[in-house]
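For reference, the structure is listed below as structure tokens.
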Number of protein chains: 4
Amino acid sequence: MVYYADYLALDTVLNAQHPESDKAGKPAHEELLFIITHQTFELWFKQVLHELGSVITLFDTDYIRESDVALAQARILRVNRIMEHLVNQWDLIETMTPGEFMDFRALLNPASGFQSAQWRVLEKTLGLPENKRVLKHYTDALSDAHRAIVEKAGSQTLFNVVQRWLEKTPFLESGEYAFWDSYRQAVAAMLDHDRDEVRTLATAEHRDPTDALNQIDSIERGFQALFDPTEYSGLVEQGHRRMSQRATLAILFISTYRDYPLLQAPYRLLDAIIELDKLVSIWRYRHTLMVSRMIGMRVGTGGSSGSEYLMQTTVRQRVFDDVTSLSSFLLPTSARPTLPADVANRLQFVNEASAS
Amino acid sequence: MVYYADYLALDTVLNAQHPESDKAGKPAHEELLFIITHQTFELWFKQVLHELGSVITLFDTDYIRESDVALAQARILRVNRIMEHLVNQWDLIETMTPGEFMDFRALLNPASGFQSAQWRVLEKTLGLPENKRVLKHYTDALSDAHRAIVEKAGSQTLFNVVQRWLEKTPFLESGEYAFWDSYRQAVAAMLDHDRDEVRTLATAEHRDPTDALNQIDSIERGFQALFDPTEYSGLVEQGHRRMSQRATLAILFISTYRDYPLLQAPYRLLDAIIELDKLVSIWRYRHTLMVSRMIGMRVGTGGSSGSEYLMQTTVRQRVFDDVTSLSSFLLPTSARPTLPADVANRLQFVNEASAS
Amino acid sequence: MVYYADYLALDTVLNAQHPESDKAGKPAHEELLFIITHQTFELWFKQVLHELGSVITLFDTDYIRESDVALAQARILRVNRIMEHLVNQWDLIETMTPGEFMDFRALLNPASGFQSAQWRVLEKTLGLPENKRVLKHYTDALSDAHRAIVEKAGSQTLFNVVQRWLEKTPFLESGEYAFWDSYRQAVAAMLDHDRDEVRTLATAEHRDPTDALNQIDSIERGFQALFDPTEYSGLVEQGHRRMSQRATLAILFISTYRDYPLLQAPYRLLDAIIELDKLVSIWRYRHTLMVSRMIGMRVGTGGSSGSEYLMQTTVRQRVFDDVTSLSSFLLPTSARPTLPADVANRLQFVNEASAS
Amino acid sequence: MVYYADYLALDTVLNAQHPESDKAGKPAHEELLFIITHQTFELWFKQVLHELGSVITLFDTDYIRESDVALAQARILRVNRIMEHLVNQWDLIETMTPGEFMDFRALLNPASGFQSAQWRVLEKTLGLPENKRVLKHYTDALSDAHRAIVEKAGSQTLFNVVQRWLEKTPFLESGEYAFWDSYRQAVAAMLDHDRDEVRTLATAEHRDPTDALNQIDSIERGFQALFDPTEYSGLVEQGHRRMSQRATLAILFISTYRDYPLLQAPYRLLDAIIELDKLVSIWRYRHTLMVSRMIGMRVGTGGSSGSEYLMQTTVRQRVFDDVTSLSSFLLPTSARPTLPADVANRLQFVNEASAS
């Protein structure tokens with residue numbers, strides 16, 4: 001017979017709060033809030049890692065069943081719900097005023113929320129590359145055991161398995177048909193149209209269109225590079241793009257023909273991943289706001305400077321910005337090239353296919 | 001030197017998840033979500049009890065400083081934020097489908113979220129009377145240790161200390177002045193006005209005003225009873241009201257003259273308590289919806305029937321409905337009786353008083 | 001050239017707030033909050049009706065493409081997000097205290113949020129049957145124009161199109177195979193197992209198992225009725241069930257074999273609809289809590305009694321409780337009957353099918 | 001008799017949606033979502049301006065009653081609740097995929113959410129200085145009427161009235177007593193202690209303490225400048241600080257002695273304002289994330305570049321960073337200087353004062 005409290009190990013979990021201010025003999029009422037906020041963060045991080053790990057396992061194979069794509073999406077959506085919840089959790093700790101925090105802050109040195117081993121593992125599991133990680137000295141500050149865990153993590157990442165899965169997307173070519181030829185023309189037309197827009201607009205608003213036009217030119221160059229293997233690998237080397245050329249083209253294909261049955265699950269999975277990347281970024285941003293509110297410009301517990309961290313994290317630490325940025329090259333449904341009949345047919349279900 | 005992971009006892013907390021489906025050799029992916037959802041609920045319950053306990057301690061004294069009233073309000077507002085967070089947490093576990101839950105449900109019998117000892121303690125700490133508690137057999141199912149904790153709880157309740165504090169509200173009488181005389185007349189006029197409204201309205205909508213008018217009559221009777229000690233104690237005996245007559249009149253006084261400096265903190269505290277009572281009710285309601293979604297009409301883990309529970313909890317288990325229901329007797333600012341100068345003056349601050 | 005303010009008709013929308021307390025010459029600060037809360041509710045109701053209408057149109061046809069099922073799910077998920085947002089919007093108006101509301105309440109008579117024509121249309125569009133609607137006199141209070149709109153609505157409902165779509169689910173029979181025969185045996189075994197659980201549990205907790213066992217019996221009877229056309233139509237006549245027998249069996253089939261590619265989208269659509277039904281119920285519940293907080297037990301604007309409404313709405317007004325309640329009959333994956341190879345194969349995609 | 005639909009002008013509000021894609025003859029399903037999202041944003045902006053305007057009016061006077069401070073706080077808290085709601089509203093429009101947006105994006109040119117006149121008014125009403133405002137060309141793009149409104153706004157700002165109110169805080173000096181002398185010593189001791197911490201920490205983590213120590217030095221310089229009129233005005237001229245010296249010292253005084261009755265309401269008001277400043281910043285950040293997701297790196301409707309905007313807004317556009325940053329100089333309660341008896345006494349209420 002299972003007993004609720006034993007099943008949840010409550011005698012352990014509910015007795016794992018040890019405020020430093022109690023030990024110091026001057027109890028600070030708000031320290032328990034500080035502890036429980038971070039413990040629940042960590043418990044949810046464990047759940048997030050459980051879900052991401054299962055998705056990576058599903059995808060770390062040569063043949064991925066379409067049902068596993070839908071399952072992966074459902075689990076990423078769950079992770080997104082959890083991340084939204086954790087973003088809102090910052091509101092709870094912010095019911096503590098900076099003055100109340102002052103009453104026990106000093107006792108915690110040098111501990112810091114930035115020292116969360118699980119968060120580092122989470123970043124590596126998503127696929128955050130070393131050169132994008134900031135505040136490395138926190139990793140240095142980890143215990144040997146935890147540093148080992150962090151270093152072991154990320155042998156297989158969400159970024160990698162998703163990239164490999166995308167590279168295997170069928171139908172990019174079929175006999176005469178090559179997706180990118182038709183697509184290239186359509187995008188060229190679209191960007192020309194953008195240029196007209198910008199000029200009209202600039203005239204109307206009496207401002208110089210040069211910047212906007214240069215921006216379009218750079219987009220066009222970036223776009224052409226998508227199709228030129230040499231240029232593309234150049235961009236990768238210079239760190240302007242991370243995802244392989246074929247994976248990138250696959251994303252464009254899936255996004256363009258998303259209403260075909262076989263492409264729906266992949267499309268929704270990509271959308272869920274973009275959402276996840278955004279939520280991780282928001283969580284960091286809220287963390288930074290909380291730090292700068294609690295300690296102003298002072299040296300934080302653990303030596304972090306809120307503002308410095310803000311600049312680096314919110315701007316640089318996106319894992320899937322390659323995917324997000326591709327919305328630059330999307331086409332209106334009306335402008336998308338028609339698929340050859342044989343490709344279109346093979347994107348159906350058995351019954352629909354036989355029906356057609 | 002404090003180390004983040006040690007400070008938070010993470011090696012303990014993050015290793016306290018033991019899925020039954022693993023032990024049974026058929027791991028169910030969603031069981032970890034089930035465990036972590038309940039563990040984080042329990043951790044936050046501990047925080048809520050920490051805050052409520054501190055408020056009760058602040059108020060469990062003969063002279064309550066006005067600064068402690070404001071502090072109590074700030075802590076109840078924190079509890080409310082936490083309860084809102086926990087209400088939303090139901091969304092996370094509901095990312096598990098009933099079918100996924102079926103894969104490990106049977107293994108948990110008879111454990112049930114309704115067996116949370118801390119939740120029972122929370123109910124008793126708020127002041128939920130025995131006769132309003134439902135599903136008593138869950139308490140029977142507790143371990144001796146936990147049952148002892150539950151039974152020990154509630155020796156002092158939020159309801160009791162708030163009631164005693166209200167009973168000590170000064171200024172209800174002062175020389176010639178008695179708050180209720182002036183108030184009684186004003187309310188009588190208001191209810192007459194309501195009767196006219198109802199008749200006009202009924203005529204306009206071609207429907208029978210009888211029910212609405214009877215309702216007003218019963219309100220008026222209930223209202224008269226507020227001022228008649230004999231009638232009032234009758235209502236208390238019959239369980240129609242719980243809070244003492246004097247405390248009830250104090251709430252009306254505070255609400256009516258809430259814009260006087262000395263009454264602001266008390267008014268906001270009462271408002272926060274009503275909000276808390278509401279949030280506890282919403283949390284229960286969401287719990288019930290989750291149960292009925294997960295197990296339909298079936299016998300739940302722990303033997304609960306969702307529908308039965310729904311009926312009883314959402315309707316009966318309010319602790320402060322006395323306070324909430326008093327909005328029936330509020331007056332528009334325009335209609336409120338003027339305070340005698342000496343009372344009005346003593347509701348100011350030092351400087352303002354001396355200034356006036 | 002489109003101009004932001006013209007595009008959004010802001011000069012119209014932002015000048016459509018006309019507080020009665022201004023007209024009466026005694027401006028009440030909080031009335032604008034009251035107006036804008038309700039106007040934004042109504043704007044979002046329009047969006048919800050736009051989405052539900054599009055889903056009904058997609059499904060109001062003889063052959064529903066699988067891609068349209070996924071599209072319908074995406075739109076219901078959007079509606080759910082909107083409804084969650086509207087549930088939280090109650091928190092905004094509750095920043096107004098009952099006392100502040102008193103300052104303009106009387107001026108609004110007999111207007112009431114329960115008089116929203118769009119909400120009535122929404123209920124009818126979902127498929128809420130007349131006999132489940134409460135507070136009918138509000139509909140009587142509508143203008144002729146609005147009553148006409150409400151009466152016209154619901155000619156085609158989400159409930160009806162979903163039911164018809166479910167009735168067309170293929171594969172329920174195939175040659176020798178009939179889904180329900182295999183399923184019936186499995187459920188019988190499951191309920192026997194439940195009985196054992198209940199007895200063990202009752203013994204352990206020293207309480208009488210009779211109620212729980214009777215409950216299982218009634219479930220079994222209800223379950224047997226699912227498969228007996230005569231009994232089933234009896235249940236429908238008595239109002240115990242609304243959805244047709246074939247649609248009900250289809251839900252069980254889809255839920256049981258949800259991991260087959262062709263059944264995923266249908267399964268997720270049903271899950272989203274159950275979620276929607278829940279959110280509509282929560283919105284009503286929050287509405288009722290707000291009313292009872294603002295006006296206590298008094299006659300509300302429009303003559304509603306909070307408590308009366310609470311009882312009726314939260315308990316009776318579910319549209320898809322048929323679907324929700326079926327979780328009573330779900331089976332653990334381990335216990336589900338195996339599908340015949342030909343059926344299993346036809347639940348694949350073209351390529352996977354040809355691959356196998 | 002007031003009729004719900006007339007009272008809310010629903011026939012106007014619910015007929016103010018005119019999708020461009022309908023006019024163009026190729027209806028895009030998601031355009032209504034786009035319109036209603038922005039219309040509800042604008043309606044809530046009106047409410048926010050209503051609340052902020054009322055607070056400014058309350059404070060735009062020579063003698064501010066303490067009850068008005070509490071009222072102002074309650075209204076700022078309401079604004080904060082609204083802003084939280086609007087932050088979450090971004091989730092609704094993000095249920096539209098970039099591909100769906102593409103189907104009508106081009107039709108909206110050059111309209112842009114960055115062209116909201118009310119948002120500009122909101123920024124000016126808070127007190128955002130011209131030199132901190134970005135994307136000025138949007139203001140240029142406003143109609144003459146709207147530009148006039150924007151230019152007229154901000155004659156009186158929340159920043160200014162709060163600053164003036166702070167400058168009038170009594171008790172900063174009293175006879176012998178001068179707040180800053182006692183405070184200066186305490187902070188100096190605190191910063192010395194910080195230096196020790198940093199060194200210990202750097203040693204433990206084997207990293208160079210120089211940066212951290214320089215940071216403390218710069219804080220100390222900034223701190224000394226708080227008390228040196230000449231230095232302070234230098235900082236103001238160089239744009240390092242905006243708020244006057246006296247107001248800044250008042251904030252330190254209020255924060256330090258916040259538990260005295262007379263200082264509670266001021267303290268909570270300042271806390272609510274910091275929260276508001278944070279929420280405005282989060283709303284902008286979410287807006288920017290939405291833009292970059294929808295249009296990638298492309299020229300946005302209205303010519304905005306998501307990334308450029310992100311950099312500028314999230315980092316530079318805080319109105320009350322002066323107040324937020326002061327948490328750098330807070331003292332633990334244990335370390336705060338004791339108040340002279342006469343000052344302490346005058347921070348009480350009438351009765352408590354006479355009682356003492």
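As shown in the structure tokens, the chain order sets the letters A, B, ...; within each chain, residues go from 1, and ligands are also counted from 1 in the order they appear.
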**Request:** Just need the residues of chain C within 12 Å of chain A, counting only C-alpha atoms, so spit them out as number ranges by chain.
**Result:** C: 1-3, 63-71, 73-74, 77, 81, 170-171, 197-198, 200-205, 257-265, 267-268, 271, 343-356
So that I can check the surroundings of stretch 218-223 of chain D, please list as a PDB file with N, CA and C atoms, in the first residue's frame every protein, DNA and RNA residue that reaches within 10 Å of it, counting only C-alpha atoms and ignoring chain neighbours fewer than 3 positions away.
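What ended up in around-v4.pdb:
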```
ATOM      1  N   MET A 297      23.594  47.928  -8.189  1.00  0.00           N
ATOM      2  CA  MET A 297      24.812  47.759  -8.986  1.00  0.00           C
ATOM      3  C   MET A 297      25.879  47.056  -8.167  1.00  0.00           C
ATOM      4  N   ARG A 298      25.511  46.580  -6.973  1.00  0.00           N
ATOM      5  CA  ARG A 298      26.557  46.021  -6.124  1.00  0.00           C
ATOM      6  C   ARG A 298      27.009  44.655  -6.595  1.00  0.00           C
ATOM      7  N   VAL A 299      28.135  44.239  -6.058  1.00  0.00           N
ATOM      8  CA  VAL A 299      28.636  42.905  -6.349  1.00  0.00           C
ATOM      9  C   VAL A 299      27.650  41.904  -5.772  1.00  0.00           C
TER      10      VAL A 299
ATOM     11  N   ARG D 184      26.192  57.727   6.402  1.00  0.00           N
ATOM     12  CA  ARG D 184      27.468  57.670   5.664  1.00  0.00           C
ATOM     13  C   ARG D 184      28.437  56.689   6.333  1.00  0.00           C
ATOM     14  N   VAL D 187      27.419  53.021   5.790  1.00  0.00           N
ATOM     15  CA  VAL D 187      27.660  52.488   4.445  1.00  0.00           C
ATOM     16  C   VAL D 187      29.144  52.242   4.218  1.00  0.00           C
ATOM     17  N   ALA D 188      29.970  53.165   4.693  1.00  0.00           N
ATOM     18  CA  ALA D 188      31.415  52.989   4.530  1.00  0.00           C
ATOM     19  C   ALA D 188      31.844  51.644   5.112  1.00  0.00           C
ATOM     20  N   LEU D 191      30.739  48.764   2.839  1.00  0.00           N
ATOM     21  CA  LEU D 191      31.533  48.561   1.616  1.00  0.00           C
ATOM     22  C   LEU D 191      32.889  47.945   1.944  1.00  0.00           C
ATOM     23  N   ASP D 192      33.479  48.345   3.081  1.00  0.00           N
ATOM     24  CA  ASP D 192      34.729  47.698   3.491  1.00  0.00           C
ATOM     25  C   ASP D 192      34.499  46.200   3.641  1.00  0.00           C
ATOM     26  N   ALA D 212      36.045  43.285  -9.540  1.00  0.00           N
ATOM     27  CA  ALA D 212      35.035  43.408  -8.488  1.00  0.00           C
ATOM     28  C   ALA D 212      35.397  44.556  -7.544  1.00  0.00           C
ATOM     29  N   LEU D 213      36.691  44.636  -7.214  1.00  0.00           N
ATOM     30  CA  LEU D 213      37.112  45.692  -6.283  1.00  0.00           C
ATOM     31  C   LEU D 213      36.957  47.071  -6.930  1.00  0.00           C
ATOM     32  N   ASN D 214      37.342  47.173  -8.198  1.00  0.00           N
ATOM     33  CA  ASN D 214      37.139  48.453  -8.884  1.00  0.00           C
ATOM     34  C   ASN D 214      35.664  48.833  -8.851  1.00  0.00           C
ATOM     35  N   GLN D 215      34.822  47.805  -9.020  1.00  0.00           N
ATOM     36  CA  GLN D 215      33.387  48.061  -9.025  1.00  0.00           C
ATOM     37  C   GLN D 215      32.966  48.661  -7.682  1.00  0.00           C
ATOM     38  N   LEU D 226      26.652  61.050  -3.535  1.00  0.00           N
ATOM     39  CA  LEU D 226      25.278  61.252  -3.068  1.00  0.00           C
ATOM     40  C   LEU D 226      25.231  62.371  -2.031  1.00  0.00           C
ATOM     41  N   PHE D 227      26.327  62.543  -1.293  1.00  0.00           N
ATOM     42  CA  PHE D 227      26.315  63.483  -0.175  1.00  0.00           C
ATOM     43  C   PHE D 227      27.061  64.777  -0.488  1.00  0.00           C
ATOM     44  N   ASP D 228      27.783  64.806  -1.590  1.00  0.00           N
ATOM     45  CA  ASP D 228      28.512  66.009  -1.965  1.00  0.00           C
ATOM     46  C   ASP D 228      27.736  66.751  -3.052  1.00  0.00           C
ATOM     47  N   GLU D 231      29.632  67.301  -6.431  1.00  0.00           N
ATOM     48  CA  GLU D 231      29.795  66.067  -7.210  1.00  0.00           C
ATOM     49  C   GLU D 231      28.455  65.612  -7.768  1.00  0.00           C
ATOM     50  N   TYR D 232      27.428  65.673  -6.909  1.00  0.00           N
ATOM     51  CA  TYR D 232      26.123  65.154  -7.314  1.00  0.00           C
ATOM     52  C   TYR D 232      25.608  65.869  -8.558  1.00  0.00           C
ATOM     53  N   LEU D 235      27.213  64.610 -11.577  1.00  0.00           N
ATOM     54  CA  LEU D 235      26.641  63.354 -12.080  1.00  0.00           C
ATOM     55  C   LEU D 235      25.361  63.614 -12.859  1.00  0.00           C
ATOM     56  N   HIS D 240      24.422  60.695 -15.360  1.00  0.00           N
ATOM     57  CA  HIS D 240      24.562  59.466 -14.585  1.00  0.00           C
ATOM     58  C   HIS D 240      23.442  59.327 -13.562  1.00  0.00           C
ATOM     59  N   ARG D 241      22.891  60.445 -13.120  1.00  0.00           N
ATOM     60  CA  ARG D 241      21.732  60.400 -12.229  1.00  0.00           C
ATOM     61  C   ARG D 241      20.723  61.433 -12.703  1.00  0.00           C
ATOM     62  N   LEU D 326      19.410  52.282  -6.026  1.00  0.00           N
ATOM     63  CA  LEU D 326      19.751  52.625  -4.643  1.00  0.00           C
ATOM     64  C   LEU D 326      19.841  51.409  -3.738  1.00  0.00           C
ATOM     65  N   SER D 328      21.772  49.370  -3.929  1.00  0.00           N
ATOM     66  CA  SER D 328      23.208  49.195  -3.710  1.00  0.00           C
ATOM     67  C   SER D 328      23.644  49.714  -2.356  1.00  0.00           C
ATOM     68  N   PHE D 329      22.889  50.681  -1.822  1.00  0.00           N
ATOM     69  CA  PHE D 329      23.336  51.391  -0.614  1.00  0.00           C
ATOM     70  C   PHE D 329      22.509  51.039   0.607  1.00  0.00           C
TER      71      PHE D 329
END
```
Find the residues around stretch 108-124 of chain A up to 7 Å (only C-alpha atoms counted), leave out those fewer than 3 positions away in its own chain, and share them as a short mmCIF file (atom, residue, chain, number, x, y, z; two decimals) with N, CA, C and O atoms, in the first residue's frame.
```
data_model
loop_
_atom_site.label_atom_id
_atom_site.label_comp_id
_atom_site.auth_asym_id
_atom_site.auth_seq_id
_atom_site.Cartn_x
_atom_site.Cartn_y
_atom_site.Cartn_z
N PHE A 45 13.64 22.10 -12.92
CA PHE A 45 14.73 21.90 -13.88
C PHE A 45 14.91 20.39 -14.12
O PHE A 45 15.12 19.95 -15.24
N LEU A 49 14.76 18.55 -17.70
CA LEU A 49 15.83 17.69 -18.23
C LEU A 49 15.30 16.30 -18.56
O LEU A 49 15.72 15.67 -19.53
N ARG A 105 21.57 38.40 3.08
CA ARG A 105 22.39 38.30 1.87
C ARG A 105 23.83 37.91 2.17
O ARG A 105 24.39 36.96 1.62
N GLY A 127 21.95 22.78 -26.35
CA GLY A 127 22.96 22.92 -27.39
C GLY A 127 23.67 24.26 -27.37
O GLY A 127 24.27 24.66 -28.37
N LEU A 128 23.61 24.95 -26.24
CA LEU A 128 24.31 26.23 -26.14
C LEU A 128 25.81 25.98 -26.27
O LEU A 128 26.38 25.23 -25.49
N TYR A 138 31.38 30.82 -12.76
CA TYR A 138 30.46 30.07 -11.90
C TYR A 138 30.70 28.59 -12.05
O TYR A 138 30.65 27.82 -11.10
N THR A 139 30.96 28.17 -13.29
CA THR A 139 31.24 26.75 -13.50
C THR A 139 32.50 26.38 -12.73
O THR A 139 32.57 25.34 -12.08
N LEU A 142 31.95 25.41 -9.17
CA LEU A 142 31.21 24.20 -8.82
C LEU A 142 32.11 23.20 -8.09
O LEU A 142 33.32 23.21 -8.26
N HIS A 146 29.91 18.19 -9.19
CA HIS A 146 28.96 18.89 -10.05
C HIS A 146 29.62 19.34 -11.36
O HIS A 146 29.01 19.28 -12.42
N VAL A 150 28.36 18.57 -15.16
CA VAL A 150 28.18 19.59 -16.20
C VAL A 150 29.04 19.26 -17.42
O VAL A 150 28.57 19.34 -18.56
N ALA A 153 27.66 16.47 -19.53
CA ALA A 153 26.39 16.76 -20.22
C ALA A 153 26.63 17.26 -21.64
O ALA A 153 27.73 17.69 -21.99
N GLY A 154 25.62 17.18 -22.45
CA GLY A 154 25.67 17.78 -23.78
C GLY A 154 26.43 16.94 -24.79
O GLY A 154 26.72 17.39 -25.89
N THR A 157 22.89 16.72 -27.96
CA THR A 157 22.09 17.90 -27.66
C THR A 157 20.83 17.95 -28.50
O THR A 157 20.76 17.34 -29.58
N THR A 301 25.86 38.22 -4.67
CA THR A 301 26.40 37.00 -4.05
C THR A 301 26.95 36.21 -5.22
O THR A 301 26.30 36.06 -6.24
N GLY A 302 28.16 35.76 -5.08
CA GLY A 302 28.78 35.04 -6.19
C GLY A 302 29.50 35.98 -7.13
O GLY A 302 30.10 35.54 -8.11
N MET B 1 32.39 29.31 3.91
CA MET B 1 31.93 29.62 2.56
C MET B 1 30.71 28.75 2.21
O MET B 1 30.76 27.53 2.25
N VAL B 2 29.62 29.42 1.82
CA VAL B 2 28.39 28.70 1.50
C VAL B 2 28.43 28.28 0.03
O VAL B 2 28.76 29.08 -0.85
N TYR B 3 28.11 27.01 -0.22
CA TYR B 3 28.06 26.51 -1.59
C TYR B 3 26.60 26.29 -1.98
O TYR B 3 25.85 25.63 -1.26
N TYR B 4 26.22 26.87 -3.12
CA TYR B 4 24.84 26.86 -3.59
C TYR B 4 24.14 25.51 -3.39
O TYR B 4 23.09 25.42 -2.75
N LEU D 201 36.53 35.54 -1.55
CA LEU D 201 35.87 34.81 -2.62
C LEU D 201 36.82 34.57 -3.79
O LEU D 201 36.95 33.46 -4.28
#
```
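Excluding A:Thr95 and any residue on its chain fewer than 6 positions from it, the residues at most 12 Å away by only C-alpha atoms are A:Glu30, A:Leu33, A:Phe34, A:Thr37, A:Gln89, A:Phe101, A:Met290, A:Arg293, A:Met294, B:Gln73, B:Ala74, B:Arg75, B:Ile76, B:Leu77, B:Arg78, B:Val79, B:Asn80, B:Arg81, B:Ile82, D:Arg268, D:Asp271, D:Ala272, D:Glu275.
DSSP annotation of stretch 126-259 of chain A from backbone atoms: strand (DSSP E) residues are Glu173, Ser174, Tyr177 and Ala178 of chain A.
Across the model, the gap from atom CA of A:Thr288 to atom CA of A:Asn15 is 29.4 Å.
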